[in-house]
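Visitor: Quick one, coords_15.cif (mmCIF, C-alpha atoms):
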data_target
loop_
_atom_site.label_atom_id
_atom_site.label_comp_id
_atom_site.auth_asym_id
_atom_site.auth_seq_id
_atom_site.Cartn_x
_atom_site.Cartn_y
_atom_site.Cartn_z
CA MET A 80 -7.73 12.25 -21.68
CA THR A 81 -10.72 13.68 -19.81
CA ALA A 82 -12.32 14.73 -23.11
CA ALA A 83 -11.96 11.17 -24.42
CA LEU A 84 -13.64 9.90 -21.28
CA TYR A 85 -16.59 12.23 -21.85
CA VAL A 86 -16.90 11.17 -25.50
CA ILE A 87 -16.94 7.50 -24.47
CA ALA A 88 -19.46 8.11 -21.67
CA ILE A 89 -21.81 10.10 -23.93
CA MET A 90 -21.56 7.48 -26.67
CA ALA A 91 -22.28 4.66 -24.24
CA LEU A 92 -25.17 6.63 -22.77
CA SER A 93 -26.68 7.22 -26.23
CA VAL A 94 -26.44 3.55 -27.19
CA SER A 95 -27.99 2.60 -23.87
CA LEU A 96 -30.81 5.12 -24.36
CA LEU A 97 -31.57 3.71 -27.81
CA LYS A 98 -31.79 0.20 -26.42
CA SER A 99 -33.76 0.85 -23.26
CA LYS A 100 -34.93 4.04 -21.62
CA GLU A 101 -35.74 2.34 -18.30
CA LYS A 102 -32.36 0.70 -17.99
CA THR A 103 -30.59 3.95 -18.81
CA ILE A 104 -32.48 5.80 -16.10
CA LEU A 105 -31.66 2.98 -13.69
CA ALA A 106 -27.98 3.26 -14.67
CA LEU A 107 -27.96 7.01 -14.01
CA LYS A 108 -29.68 6.48 -10.66
CA LYS A 109 -27.04 3.90 -9.74
CA ALA A 110 -24.30 6.24 -10.90
CA TRP A 111 -25.58 9.01 -8.67
CA LYS A 112 -26.07 6.69 -5.70
CA SER A 113 -22.57 5.28 -5.83
CA PHE A 114 -21.15 8.78 -6.29
CA GLU A 115 -23.06 10.19 -3.33
CA ASN A 116 -22.08 7.16 -1.26
CA ILE A 117 -18.37 7.92 -1.50
CA LEU A 118 -18.61 11.72 -1.69
CA PRO A 119 -17.92 12.38 2.03
CA GLN A 120 -14.62 10.48 1.81
CA PHE A 121 -13.69 12.17 -1.47
CA LEU A 122 -14.31 15.65 -0.05
CA SER A 123 -12.34 14.85 3.12
CA ILE A 124 -9.41 13.60 1.04
CA LEU A 125 -9.37 16.79 -1.02
CA ILE A 126 -8.97 18.92 2.11
CA ILE A 127 -6.24 16.66 3.53
CA ILE A 128 -4.36 16.79 0.21
CA GLY A 129 -4.65 20.59 0.17
CA ILE A 130 -3.15 20.94 3.65
CA LEU A 131 -0.47 18.27 3.09
CA LEU A 132 0.68 19.69 -0.22
CA THR A 133 0.98 23.14 1.32
CA VAL A 134 3.11 21.87 4.20
CA LEU A 135 5.07 19.44 2.01
CA SER A 136 5.60 21.75 -0.94
CA PRO A 137 7.96 20.82 -3.81
CA GLU A 138 10.60 23.14 -2.24
CA GLN A 139 10.28 21.31 1.08
CA ILE A 140 10.58 17.93 -0.62
CA SER A 141 13.72 18.91 -2.51
CA LYS A 142 15.25 20.12 0.75
CA LEU A 143 14.56 16.73 2.35
CA LEU A 144 16.02 14.76 -0.55
CA GLY A 145 19.27 16.68 -0.92
CA LYS A 146 22.70 15.36 -1.87
CA GLU A 147 23.36 13.50 1.44
CA SER A 148 20.65 10.88 0.73
CA GLY A 149 21.77 7.24 0.80
CA TRP A 150 19.34 4.61 2.09
CA TYR A 151 18.11 7.12 4.61
CA GLY A 152 17.11 9.38 1.74
CA VAL A 153 15.45 6.47 -0.05
CA LEU A 154 13.36 5.77 3.04
CA ILE A 155 12.38 9.43 3.43
CA ALA A 156 11.55 9.58 -0.27
CA ALA A 157 9.29 6.53 0.01
CA VAL A 158 7.55 7.92 3.10
CA ILE A 159 6.97 11.32 1.44
CA GLY A 160 5.70 9.54 -1.66
CA SER A 161 3.31 7.49 0.48
CA VAL A 162 1.67 10.39 2.26
CA THR A 163 1.44 12.78 -0.67
CA LEU A 164 -0.92 12.60 -3.57
CA VAL A 165 0.47 14.51 -6.50
CA PRO A 166 -0.86 14.11 -10.02
CA GLY A 167 1.64 12.65 -12.49
CA PHE A 168 1.96 15.79 -14.58
CA ILE A 169 3.33 17.58 -11.49
CA ALA A 170 5.25 14.63 -10.03
CA PHE A 171 7.48 13.94 -13.05
CA PRO A 172 8.71 17.49 -13.60
CA LEU A 173 9.23 17.69 -9.83
CA ALA A 174 11.26 14.47 -9.95
CA ALA A 175 13.31 15.81 -12.87
CA ALA A 176 13.99 19.01 -10.91
CA LEU A 177 14.99 16.95 -7.85
CA LEU A 178 17.46 14.99 -9.98
CA LYS A 179 19.02 18.22 -11.19
CA SER A 180 19.28 19.59 -7.67
CA GLY A 181 21.27 16.56 -6.57
CA ALA A 182 18.92 13.76 -5.54
CA GLY A 183 19.92 10.30 -6.75
CA TYR A 184 18.01 7.94 -9.06
CA MET A 185 17.33 5.61 -6.13
CA GLN A 186 15.57 8.30 -4.10
CA ILE A 187 13.59 9.46 -7.12
CA ALA A 188 12.54 5.91 -7.98
CA ALA A 189 11.39 5.32 -4.39
CA PHE A 190 9.52 8.63 -4.35
CA ILE A 191 7.74 8.11 -7.70
CA SER A 192 6.86 4.47 -7.03
CA ALA A 193 5.49 5.11 -3.53
CA LEU A 194 3.67 8.19 -4.78
CA MET A 195 1.77 6.15 -7.30
CA MET A 196 1.13 2.88 -5.51
CA VAL A 197 0.94 3.72 -1.82
CA GLY A 198 -1.97 5.90 -0.77
CA ILE A 199 -2.06 6.78 2.91
CA VAL A 200 -4.40 9.70 2.27
CA THR A 201 -6.80 7.60 0.22
CA ILE A 202 -6.94 4.78 2.78
CA PRO A 203 -10.42 5.80 4.04
CA VAL A 204 -11.82 5.19 0.54
CA GLU A 205 -9.85 1.98 0.11
CA VAL A 206 -11.10 0.64 3.46
CA GLU A 207 -14.66 1.48 2.43
CA TYR A 208 -14.37 -0.96 -0.50
CA PHE A 209 -11.82 -3.55 0.64
CA GLY A 210 -11.83 -3.49 4.43
CA LYS A 211 -8.96 -2.63 6.77
CA LYS A 212 -6.91 -5.78 6.35
CA ALA A 213 -6.77 -5.77 2.55
CA ALA A 214 -5.97 -2.05 2.49
CA ALA A 215 -3.15 -2.51 5.00
CA VAL A 216 -1.62 -5.51 3.20
CA ARG A 217 -1.77 -3.85 -0.23
CA ASN A 218 -0.24 -0.58 0.96
CA ILE A 219 2.56 -2.24 2.96
CA ALA A 220 3.37 -4.52 0.03
CA ALA A 221 3.41 -1.52 -2.31
CA PHE A 222 5.71 0.36 0.09
CA VAL A 223 8.18 -2.54 0.21
CA PHE A 224 7.94 -2.78 -3.58
CA SER A 225 8.90 0.88 -4.01
CA LEU A 226 12.04 0.21 -1.93
CA ILE A 227 12.85 -2.74 -4.20
CA VAL A 228 12.42 -0.52 -7.27
CA ALA A 229 14.87 1.92 -5.68
CA LEU A 230 17.37 -0.89 -5.07
CA VAL A 231 17.18 -2.14 -8.66
CA MET A 232 17.41 1.42 -9.95
CA GLY A 233 20.54 1.93 -7.86
CA VAL A 234 22.16 -1.14 -9.40
CA VAL A 235 21.08 -0.59 -13.01
CA MET A 236 21.19 3.17 -13.55
CA MET B 1433 -36.92 12.90 8.32
CA LYS B 1434 -35.05 13.60 11.51
CA THR B 1435 -33.08 10.37 11.22
CA LYS B 1436 -32.25 11.07 7.59
CA GLU B 1437 -30.68 14.38 8.51
CA ALA B 1438 -28.86 12.80 11.42
CA ARG B 1439 -27.43 10.19 9.06
CA LEU B 1440 -26.28 12.89 6.66
CA VAL B 1441 -24.49 14.76 9.44
CA LYS B 1442 -22.92 11.52 10.66
CA ARG B 1443 -21.63 10.60 7.18
CA TYR B 1444 -20.15 14.03 6.60
CA ARG B 1445 -18.84 14.61 10.12
CA ILE B 1446 -15.17 14.03 9.23
CA PHE B 1447 -15.52 16.37 6.29
CA PHE B 1448 -17.06 19.08 8.51
CA LEU B 1449 -14.28 18.55 11.05
CA LEU B 1450 -11.65 19.02 8.35
CA VAL B 1451 -13.36 22.16 7.05
CA ALA B 1452 -13.31 23.55 10.60
CA LEU B 1453 -9.62 22.62 10.89
CA ASN B 1454 -8.84 24.33 7.61
CA ILE B 1455 -10.69 27.47 8.72
CA ALA B 1456 -8.71 27.43 11.98
CA VAL B 1457 -5.47 27.17 10.00
CA LEU B 1458 -6.68 30.02 7.79
CA ILE B 1459 -7.22 32.22 10.86
CA PHE B 1460 -3.94 31.40 12.62
CA PHE B 1461 -1.68 30.82 9.60
CA PRO B 1462 -3.29 32.82 6.77
CA ALA B 1463 -0.58 31.98 4.24
CA VAL B 1464 -0.78 28.20 4.76
CA GLY B 1465 -4.57 28.27 5.06
CA SER B 1466 -5.23 30.18 1.88
CA LYS B 1467 -2.69 28.16 -0.12
CA SER B 1468 -4.25 24.90 1.00
CA LEU B 1469 -7.78 26.13 0.25
CA GLN B 1470 -6.57 27.13 -3.20
CA LEU B 1471 -5.13 23.63 -3.75
CA THR B 1472 -8.31 22.02 -2.43
CA TRP B 1473 -10.39 24.15 -4.80
CA SER B 1474 -8.34 23.28 -7.88
CA ASN B 1475 -8.37 19.59 -6.89
CA LEU B 1476 -12.13 19.79 -6.41
CA LEU B 1477 -12.54 21.20 -9.92
CA GLU B 1478 -10.36 18.40 -11.30
CA MET B 1479 -12.36 15.81 -9.39
CA MET B 1480 -15.69 17.21 -10.52
CA SER B 1481 -14.58 17.21 -14.14
CA ILE B 1482 -13.25 13.66 -14.16
CA LEU B 1483 -15.77 11.83 -11.99
CA PRO B 1484 -19.10 12.29 -13.86
CA PRO B 1485 -18.13 10.24 -16.95
CA ILE B 1486 -16.49 7.57 -14.75
CA PHE B 1487 -19.60 7.13 -12.62
CA ILE B 1488 -21.93 7.20 -15.65
CA LEU B 1489 -19.88 4.43 -17.25
CA LEU B 1490 -19.97 2.50 -13.98
CA GLY B 1491 -23.76 2.85 -13.78
CA LEU B 1492 -24.09 1.59 -17.35
CA LEU B 1493 -21.70 -1.28 -16.65
CA ASP B 1494 -23.73 -2.21 -13.59
CA VAL B 1495 -26.99 -2.27 -15.53
CA TRP B 1496 -25.90 -3.80 -18.84
CA VAL B 1497 -23.09 -6.24 -18.12
CA LYS B 1498 -24.40 -9.54 -16.81
CA ARG B 1499 -22.73 -11.09 -13.80
CA GLU B 1500 -22.09 -14.27 -15.79
CA THR B 1501 -20.24 -12.29 -18.47
CA MET B 1502 -17.99 -10.59 -15.93
CA ILE B 1503 -17.31 -13.91 -14.18
CA LYS B 1504 -16.43 -15.49 -17.53
CA TYR B 1505 -13.91 -12.80 -18.47
CA MET B 1506 -12.56 -11.66 -15.10
CA GLY B 1507 -13.76 -14.25 -12.59
CA ASP B 1508 -11.95 -17.05 -10.77
CA ASP B 1509 -11.45 -19.19 -13.88
CA SER B 1510 -10.74 -16.37 -16.33
CA GLY B 1511 -6.99 -17.09 -16.33
CA ILE B 1512 -4.65 -14.96 -18.40
CA ILE B 1513 -7.54 -13.18 -20.18
CA GLY B 1514 -8.76 -11.82 -16.86
CA VAL B 1515 -5.26 -10.64 -15.97
CA LEU B 1516 -4.76 -8.91 -19.34
CA LEU B 1517 -8.21 -7.33 -19.20
CA ALA B 1518 -7.48 -6.03 -15.70
CA PHE B 1519 -4.17 -4.50 -16.88
CA PHE B 1520 -5.91 -2.96 -19.89
CA LEU B 1521 -8.80 -1.53 -17.85
CA GLY B 1522 -6.45 0.14 -15.40
CA SER B 1523 -3.98 1.41 -18.00
CA ALA B 1524 -6.66 2.87 -20.26
CA ALA B 1525 -8.37 4.69 -17.41
CA ALA B 1526 -8.06 8.34 -16.48
CA GLY B 1527 -8.22 10.02 -13.11
CA PRO B 1528 -6.53 9.81 -9.73
CA LEU B 1529 -6.31 6.56 -7.76
CA TYR B 1530 -9.28 7.33 -5.54
CA ALA B 1531 -11.51 7.26 -8.62
CA ALA B 1532 -10.38 3.66 -9.18
CA PHE B 1533 -11.99 2.34 -5.99
CA PRO B 1534 -15.62 2.75 -7.15
CA VAL B 1535 -14.59 0.94 -10.36
CA ALA B 1536 -13.12 -1.81 -8.18
CA GLY B 1537 -16.40 -1.94 -6.27
CA VAL B 1538 -18.46 -2.60 -9.40
CA LEU B 1539 -16.00 -5.22 -10.67
CA LEU B 1540 -16.27 -7.05 -7.33
CA LYS B 1541 -20.05 -6.77 -7.36
CA LYS B 1542 -20.14 -8.40 -10.77
CA GLY B 1543 -17.96 -11.31 -9.67
CA SER B 1544 -14.48 -10.39 -10.85
CA LYS B 1545 -11.61 -12.25 -9.18
CA LEU B 1546 -10.09 -10.32 -6.28
CA SER B 1547 -6.52 -10.50 -7.60
CA ASN B 1548 -7.73 -9.16 -10.97
CA VAL B 1549 -9.34 -6.23 -9.20
CA PHE B 1550 -6.04 -5.53 -7.43
CA ILE B 1551 -4.23 -5.73 -10.79
CA MET B 1552 -6.66 -3.16 -12.21
CA LEU B 1553 -5.94 -0.91 -9.20
CA GLY B 1554 -2.19 -1.31 -9.63
CA ALA B 1555 -2.33 -0.59 -13.35
CA TRP B 1556 -4.56 2.42 -12.70
CA SER B 1557 -1.99 3.82 -10.30
CA THR B 1558 1.18 3.26 -12.34
CA THR B 1559 0.98 2.05 -15.91
CA LYS B 1560 -1.36 4.61 -17.43
CA ILE B 1561 -0.23 5.24 -21.00
CA PRO B 1562 -0.08 9.08 -21.03
CA LEU B 1563 1.73 8.96 -17.70
CA ILE B 1564 4.36 6.57 -19.05
CA LEU B 1565 5.06 8.81 -22.04
CA PHE B 1566 5.35 11.76 -19.73
CA GLU B 1567 7.72 9.87 -17.44
CA ALA B 1568 9.99 9.02 -20.39
CA SER B 1569 10.17 12.65 -21.46
CA SER B 1570 10.96 14.01 -17.99
CA LEU B 1571 13.16 11.27 -16.53
CA GLY B 1572 14.54 9.54 -19.57
CA LEU B 1573 13.64 6.41 -21.52
CA LYS B 1574 15.91 4.10 -19.53
CA PHE B 1575 14.44 5.16 -16.16
CA MET B 1576 10.91 4.74 -17.51
CA LEU B 1577 11.58 1.31 -19.04
CA ILE B 1578 13.21 -0.11 -15.91
CA ARG B 1579 10.34 1.14 -13.79
CA MET B 1580 7.69 -0.11 -16.19
CA VAL B 1581 9.12 -3.63 -16.35
CA MET B 1582 9.36 -3.71 -12.56
CA ASP B 1583 5.86 -2.27 -12.20
CA LEU B 1584 4.29 -4.92 -14.41
CA ILE B 1585 5.88 -7.64 -12.27
CA GLY B 1586 5.26 -5.79 -9.01
CA ILE B 1587 1.59 -5.14 -9.70
CA ALA B 1588 0.92 -8.83 -10.34
CA VAL B 1589 2.97 -9.95 -7.32
CA ILE B 1590 1.27 -7.46 -4.98
CA ALA B 1591 -2.15 -8.48 -6.30
CA TYR B 1592 -1.60 -12.21 -5.68
CA PHE B 1593 0.18 -11.61 -2.39
CA THR B 1594 -2.68 -9.45 -1.06
CA GLU B 1595 -5.24 -12.05 -2.11
CA ARG B 1596 -3.26 -14.87 -0.49
CA MET B 1597 -2.80 -12.94 2.76
CA LEU B 1598 -6.53 -12.50 3.29
CA PRO B 1599 -8.46 -15.14 5.21
CA LYS B 1600 -11.44 -16.62 3.38
CA GLY B 1601 -13.94 -14.86 5.64
CA GLU B 1602 -12.36 -11.50 4.87
CA ILE B 1603 -12.63 -12.08 1.11
CA GLU B 1604 -16.27 -13.10 1.48
CA ALA B 1605 -16.89 -9.92 3.48
CA ILE B 1606 -15.37 -7.82 0.67
CA TYR B 1607 -17.69 -9.41 -1.91
CA GLN B 1608 -20.66 -9.10 0.45
CA ASN B 1609 -19.90 -5.41 0.97
CA ALA B 1610 -19.60 -4.86 -2.80
CA SER B 1611 -22.91 -6.54 -3.58
CA ASN B 1612 -24.72 -4.34 -1.09
CA ARG B 1613 -23.76 -1.19 -2.92
#
Take the structure from the file and write it as structure tokens.

Guide:
Amino acid sequence: MTAALYVIAIMALSVSLLKSKEKTILALKKAWKSFENILPQFLSILIIIGILLTVLSPEQISKLLGKESGWYGVLIAAVIGSVTLVPGFIAFPLAAALLKSGAGYMQIAAFISALMMVGIVTIPVEVEYFGKKAAAVRNIAAFVFSLIVALVMGVVM
Amino acid sequence: MKTKEARLVKRYRIFFLLVALNIAVLIFFPAVGSKSLQLTWSNLLEMMSILPPIFILLGLLDVWVKRETMIKYMGDDSGIIGVLLAFFLGSAAAGPLYAAFPVAGVLLKKGSKLSNVFIMLGAWSTTKIPLILFEASSLGLKFMLIRMVMDLIGIAVIAYFTERMLPKGEIEAIYQNASNR
């Protein structure tokens, strides 16, 4: 996926260079400026993720979402999903392992949905672009949505 | 020169604070500290590999795509085409959610409708194609399909709800902020 992104970027850059050298240089300058603008927040997020993922390791998470569960477990799952930021290729195997170790589909659905849509850790970046109010509304709505997904999953699965 | 350095320190102060915190953790809880530094390092490598092409494409988009074009396809009157484009943009993208915000910034700057930008964000976070395939293989086709159908509805609902909840002044401030970038 990353390789494809590079191929597309290099192709676009070449076409742009053929059409106008000045505009291409301007584009690269803008690219750097917008990158440097958000870099402090990005770097801060990386450190927070590192610490959070160490404290809330996959083993810890599976302990919290054990067999007892119920709606309490769904809520915990959604909260853990909201504060963690795990890439999908780790999250899905983790979710599959949690299922095997006794967590229910509802808890897993809440965890996965909140993980993807709610981003407490990335809120500083979101606020930078959308302001506090929009970031709050979107994240709360996404949190409620992940509970709804859990509910539907509980009925259908 | 002095003020420039002061500004740099001010912008990075939270980052420096977190580095200091992590070093403190490393000293008092070596196991936790070194594990988290390791995670931060591997995440940094991932970030540095995925961000350059994204930002280059954004720079090119900023320079080459006219505001009128963006408004036509993703603006207030773009209708279903804008919605579909937003879903496609987000689903075809790569990278973690925080990489989606700069993309959102450029879309706003060029005059895309706010709800379409939120749809792009939602799609970026949940309906990425490789991720969906991966979900089906680890959690089963049925689980994936139920979630995907719900996600498609949920993303649109959250996008419109968020837009509706914001007062007009707030929305104007978001566009103002985006155009200053």

Visitor: Selection in question (the file shown): the PyMOL selection byres ((chain A) within 7 of (chain B)). Which residues does it include, as a VMD selection string?

Guide: chain A and resid 80 to 81 84 to 85 88 102 106 to 107 109 to 110 114 119 122 to 123 125 to 126 129 to 130 133 167 171 to 172 175 195 to 196 201 204 to 205 208 to 210 213 216 to 217 220 to 221 224 228

Visitor: Mind working out the centre and edge lengths of an axis-aligned box for segment 187-190 of chain A, all listed atoms inside, 6 Å added to each side, rounded to one decimal in Å and written as AutoDock Vina command-line options?

Guide:
--center_x 11.6 --center_y 7.4 --center_z -6.2 --size_x 16.1 --size_y 16.1 --size_z 15.6

Visitor: What is the atom CA of Ser192 of chain A to atom CA of Tyr1505 of chain B distance in Å?

Guide: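 Between atom CA of Ser192 of chain A and atom CA of Tyr1505 of chain B the gap works out to 29.3 Å.
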
Visitor: Evaluate the PyMOL selection byres ((chain B and resi 1510) around 12) and record the selected residues as a compact mmCIF listing (two decimals) with C-alpha atoms, in the coordinates of the input, following the chain and residue labels used in the document.

Guide:
# COMPACT_ATOMS: atom_id res chain seq x y z
CA GLU B 1500 -22.09 -14.27 -15.79
CA THR B 1501 -20.24 -12.29 -18.47
CA MET B 1502 -17.99 -10.59 -15.93
CA ILE B 1503 -17.31 -13.91 -14.18
CA LYS B 1504 -16.43 -15.49 -17.53
CA TYR B 1505 -13.91 -12.80 -18.47
CA MET B 1506 -12.56 -11.66 -15.10
CA GLY B 1507 -13.76 -14.25 -12.59
CA ASP B 1508 -11.95 -17.05 -10.77
CA ASP B 1509 -11.45 -19.19 -13.88
CA GLY B 1511 -6.99 -17.09 -16.33
CA ILE B 1512 -4.65 -14.96 -18.40
CA ILE B 1513 -7.54 -13.18 -20.18
CA GLY B 1514 -8.76 -11.82 -16.86
CA VAL B 1515 -5.26 -10.64 -15.97
CA LEU B 1516 -4.76 -8.91 -19.34
CA LEU B 1517 -8.21 -7.33 -19.20
CA ALA B 1518 -7.48 -6.03 -15.70
CA GLY B 1543 -17.96 -11.31 -9.67
CA SER B 1544 -14.48 -10.39 -10.85
CA LYS B 1545 -11.61 -12.25 -9.18
CA LEU B 1546 -10.09 -10.32 -6.28
CA SER B 1547 -6.52 -10.50 -7.60
CA ASN B 1548 -7.73 -9.16 -10.97

Visitor: Under the rule that all atoms listed in the file are counted, which of A:Val206, A:Leu164, A:Val153, A:Ile199 is the nearest residue to Leu226 of chain A?

Guide: A:Val153

Visitor: From the options A:Ile155, A:Ile219, A:Leu97, A:Met232, which residue's atoms come nearest to Tyr184 of chain A, counting all atoms listed in the file?

Guide: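 Among the listed residues, A:Met232 lies closest to Tyr184 of chain A.
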
Visitor: Got a sec to resolve the PyMOL selection byres ((chain A and resi 137-139) around 12) on this structure and send the residues as a PDB file with C-alpha atoms, keeping the file's coordinate frame?

Guide:
ATOM      1  CA  LEU A 131      -0.470  18.270   3.090  1.00  0.00           C
ATOM      2  CA  LEU A 132       0.680  19.690  -0.220  1.00  0.00           C
ATOM      3  CA  THR A 133       0.980  23.140   1.320  1.00  0.00           C
ATOM      4  CA  VAL A 134       3.110  21.870   4.200  1.00  0.00           C
ATOM      5  CA  LEU A 135       5.070  19.440   2.010  1.00  0.00           C
ATOM      6  CA  SER A 136       5.600  21.750  -0.940  1.00  0.00           C
ATOM      7  CA  ILE A 140      10.580  17.930  -0.620  1.00  0.00           C
ATOM      8  CA  SER A 141      13.720  18.910  -2.510  1.00  0.00           C
ATOM      9  CA  LYS A 142      15.250  20.120   0.750  1.00  0.00           C
ATOM     10  CA  LEU A 143      14.560  16.730   2.350  1.00  0.00           C
ATOM     11  CA  LEU A 144      16.020  14.760  -0.550  1.00  0.00           C
ATOM     12  CA  GLY A 145      19.270  16.680  -0.920  1.00  0.00           C
ATOM     13  CA  ALA A 156      11.550   9.580  -0.270  1.00  0.00           C
ATOM     14  CA  ILE A 159       6.970  11.320   1.440  1.00  0.00           C
ATOM     15  CA  GLY A 160       5.700   9.540  -1.660  1.00  0.00           C
ATOM     16  CA  THR A 163       1.440  12.780  -0.670  1.00  0.00           C
ATOM     17  CA  VAL A 165       0.470  14.510  -6.500  1.00  0.00           C
ATOM     18  CA  ILE A 169       3.330  17.580 -11.490  1.00  0.00           C
ATOM     19  CA  ALA A 170       5.250  14.630 -10.030  1.00  0.00           C
ATOM     20  CA  PHE A 171       7.480  13.940 -13.050  1.00  0.00           C
ATOM     21  CA  PRO A 172       8.710  17.490 -13.600  1.00  0.00           C
ATOM     22  CA  LEU A 173       9.230  17.690  -9.830  1.00  0.00           C
ATOM     23  CA  ALA A 174      11.260  14.470  -9.950  1.00  0.00           C
ATOM     24  CA  ALA A 175      13.310  15.810 -12.870  1.00  0.00           C
ATOM     25  CA  ALA A 176      13.990  19.010 -10.910  1.00  0.00           C
ATOM     26  CA  LEU A 177      14.990  16.950  -7.850  1.00  0.00           C
ATOM     27  CA  SER A 180      19.280  19.590  -7.670  1.00  0.00           C
TER      28      SER A 180
END

Visitor: Work out how far apart atom CA of Gly181 of chain A and atom CA of Leu1573 of chain B are and give it in Å to one decimal.

Guide: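 Computed distance, atom CA of Gly181 of chain A to atom CA of Leu1573 of chain B, equals 19.6 Å.
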
Visitor: Could you jot down the atom CA of Arg1499 of chain B to atom CA of Lys1542 of chain B separation for me, Å, one decimal place?

Guide: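 A separation of 4.8 Å between them.
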
Visitor: Restricting the calculation to all atoms listed in the file, which member of B:Ile1459, B:Ile1585, B:Lys1541, B:Lys1600 is positioned closest to Val1497 of chain B?

Guide: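 Checking each of B:Ile1459, B:Ile1585, B:Lys1541, B:Lys1600 against Val1497 of chain B, counting all atoms listed in the file, the winner is B:Lys1541.
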